[in-house]
Amino acid sequence: MSVLEIRDLHVTVETEAGTTPILNGVTLTIRTGETHAIMGPNGSGKSTLAYTIAGHPKYTVTSGSISLDGDDVLEMTVDERARAGLFLAMQYPVEIPGVTVTNFLRTAKTAIDGEAPAIRTWTKEVKQSMKDLRMDPKFAARNVNEGFSGGEKKRHEILQLELLKPQIAVLDETDSGLDVDALKIVSEGVNRAKEQTGLGVLLITHYTRILRYIHPDFVHVMIGGRIVEEGGPELAARLEDEGYDRFIEPLADAAVDGEA
């Protein structure tokens, strides 16, 4: 079993207004085999948490820790984090002109495993995964995400997830921009990967619709860079009915009182 532990994490980012705190003491533990959903409104720090785990240089950790199986993640480079078993599916996947999907996937697999996969079995696995995700086989010869629709980019992210077999997957708003059919296909891919490898999933989302297909064991509400409530799937259902106002209003009132 692998364990990702985040302890009292504080993160800032540089903006035109100066150094701005984004995460203000996040504590979270994710184990393989578990699915955690982090929900919250725009600007609550959800994506910042995802990119900080992955090692994006834009974000500065001012205090706190992130560890994977006891190893200090913050001391790892981005590629070391990937080889250790961390995976990030981005909200806005980037294009990589000049690099085909086939070459990208095989290079990534080689880097993670330390040796190139056997061509015959690897080709079979790629074709099967693309078929399961209902991706046109022609996409294998196209440049990574170049000219892909939003849904095609998300399917490619989950293709990577299935083939690279990480220990912990962070999915940053994977449901963003997906129609109903694509949402179901992408969700089925996540569920397949979890069934096959037992990976842990940290699913970041605004809405509950993806949780109809990817069932969380734990739900965490993030507001103002903090986790303000935790529970099971019933918490997501409550958020669907009530929204985030009951969390936001007390914070707004506290801010007004502090200025008074």
# chains A, B, ... in the order shown; residues from 1 in each chain; ligands from 1
call {"tool": "select_by_dssp", "arguments": {"residues": "range 63-226 of chain A", "states": "strand (DSSP E)", "output": "VMD selection string"}}
result
chain A and resid 63 to 68 71 to 72 86 to 89 96 to 100 143 to 144 168 to 172 200 to 205 218 to 223 226
call {"tool": "residues_around", "arguments": {"residues": "Glu173 in chain A", "least_positions_apart": "4", "cutoff": "6 Å", "atoms": "only C-alpha atoms", "output": "ChimeraX atom specification"}}
result
/A:91,204-205
call {"tool": "residues_around", "arguments": {"residues": "range 12-21 of chain A", "least_positions_apart": "2", "cutoff": "8 Å", "atoms": "only C-alpha atoms", "output": "ChimeraX atom specification"}}
result
/A:10,23-24,58-62
call {"tool": "residues_around", "arguments": {"residues": "range 208-215 of chain A", "least_positions_apart": "3", "cutoff": "8 Å", "atoms": "only C-alpha atoms", "output": "list of chain:residue names"}}
result
A:Thr35, A:Asp175, A:Leu183, A:Lys184, A:Ser187, A:Glu188, A:Val190, A:Asn191, A:Thr205, A:Pro233, A:Ala236, A:Ala237, A:Glu240
call {"tool": "atom_distance", "arguments": {"atom1": "CA of Ala84 in chain A", "atom2": "CA of Gly33 in chain A"}}
result
16.8 Å
call {"tool": "residues_around", "arguments": {"residues": "Arg192 in chain A", "least_positions_apart": "2", "cutoff": "12 Å", "atoms": "only C-alpha atoms", "output": "ChimeraX atom specification"}}
result
/A:129,132-133,158-159,161-163,165,185-190,194-199,213-214
call {"tool": "select_by_dssp", "arguments": {"residues": "range 28-237 of chain A", "states": "alpha helix (DSSP H)", "output": "PyMOL selection string"}}
result
chain A and resi 46-54+78-84+101-113+119-132+150-164+180-197+233-237
call {"tool": "closest_residue", "arguments": {"among": "A:Gln167, A:Ile119, A:Val99, A:Ala182", "to": "Ala141 in chain A", "atoms": "only C-alpha atoms"}}
result
A:Val99
call {"tool": "residues_around", "arguments": {"residues": "range 142-153 of chain A", "least_positions_apart": "3", "cutoff": "8 Å", "atoms": "only C-alpha atoms", "output": "short mmCIF file (atom, residue, chain, number, x, y, z; two decimals) with C-alpha atoms, in the first residue's frame"}}
result
data_model
loop_
_atom_site.label_atom_id
_atom_site.label_comp_id
_atom_site.auth_asym_id
_atom_site.auth_seq_id
_atom_site.Cartn_x
_atom_site.Cartn_y
_atom_site.Cartn_z
CA PRO A 93 -3.68 19.48 -21.05
CA VAL A 94 -0.90 21.09 -23.09
CA GLU A 95 -0.05 20.46 -26.73
CA ILE A 96 3.37 19.01 -27.60
CA PRO A 97 4.04 19.72 -31.28
CA GLY A 98 6.40 17.30 -32.99
CA VAL A 99 5.87 14.46 -30.50
CA THR A 100 3.43 11.74 -31.47
CA VAL A 101 1.14 10.09 -28.96
CA PHE A 104 5.19 10.12 -25.93
CA MET A 135 -10.28 6.81 -29.29
CA LYS A 138 -5.30 7.34 -35.90
CA PHE A 139 -4.70 9.45 -32.79
CA HIS A 156 -5.66 11.01 -23.75
CA GLU A 157 -4.97 11.92 -20.11
CA GLY A 177 -15.81 20.56 -20.72
CA LEU A 178 -17.00 16.98 -21.20
CA ASP A 179 -20.38 16.09 -22.63
CA ALA A 182 -17.40 11.61 -22.85
#
call {"tool": "atom_distance", "arguments": {"atom1": "CA of Glu230 in chain A", "atom2": "CA of Phe218 in chain A"}}
result
7.2 Å
call {"tool": "atom_distance", "arguments": {"atom1": "CA of Ala54 in chain A", "atom2": "CA of Gln160 in chain A"}}
result
15.4 Å
call {"tool": "closest_residue", "arguments": {"among": "A:Leu68, A:Leu202, A:Val219, A:Val26", "to": "Glu234 in chain A", "atoms": "only C-alpha atoms"}}
result
A:Val219
call {"tool": "closest_residue", "arguments": {"among": "A:His36, A:Arg226, A:Arg7, A:Arg81", "to": "Gly200 in chain A", "atoms": "only C-alpha atoms"}}
result
A:His36
call {"tool": "residues_around", "arguments": {"residues": "His56 in chain A", "least_positions_apart": "6", "cutoff": "10 Å", "atoms": "only C-alpha atoms", "output": "PyMOL selection string"}}
result
chain A and resi 48+50+77-78
call {"tool": "closest_residue", "arguments": {"among": "A:Pro57, A:Gly25, A:Gly40, A:Gly85", "to": "Ile248 in chain A", "atoms": "only C-alpha atoms"}}
result
A:Gly40
call {"tool": "closest_residue", "arguments": {"among": "A:Met90, A:Ile112, A:Ile168, A:Leu105", "to": "Glu5 in chain A", "atoms": "only C-alpha atoms"}}
result
A:Ile168
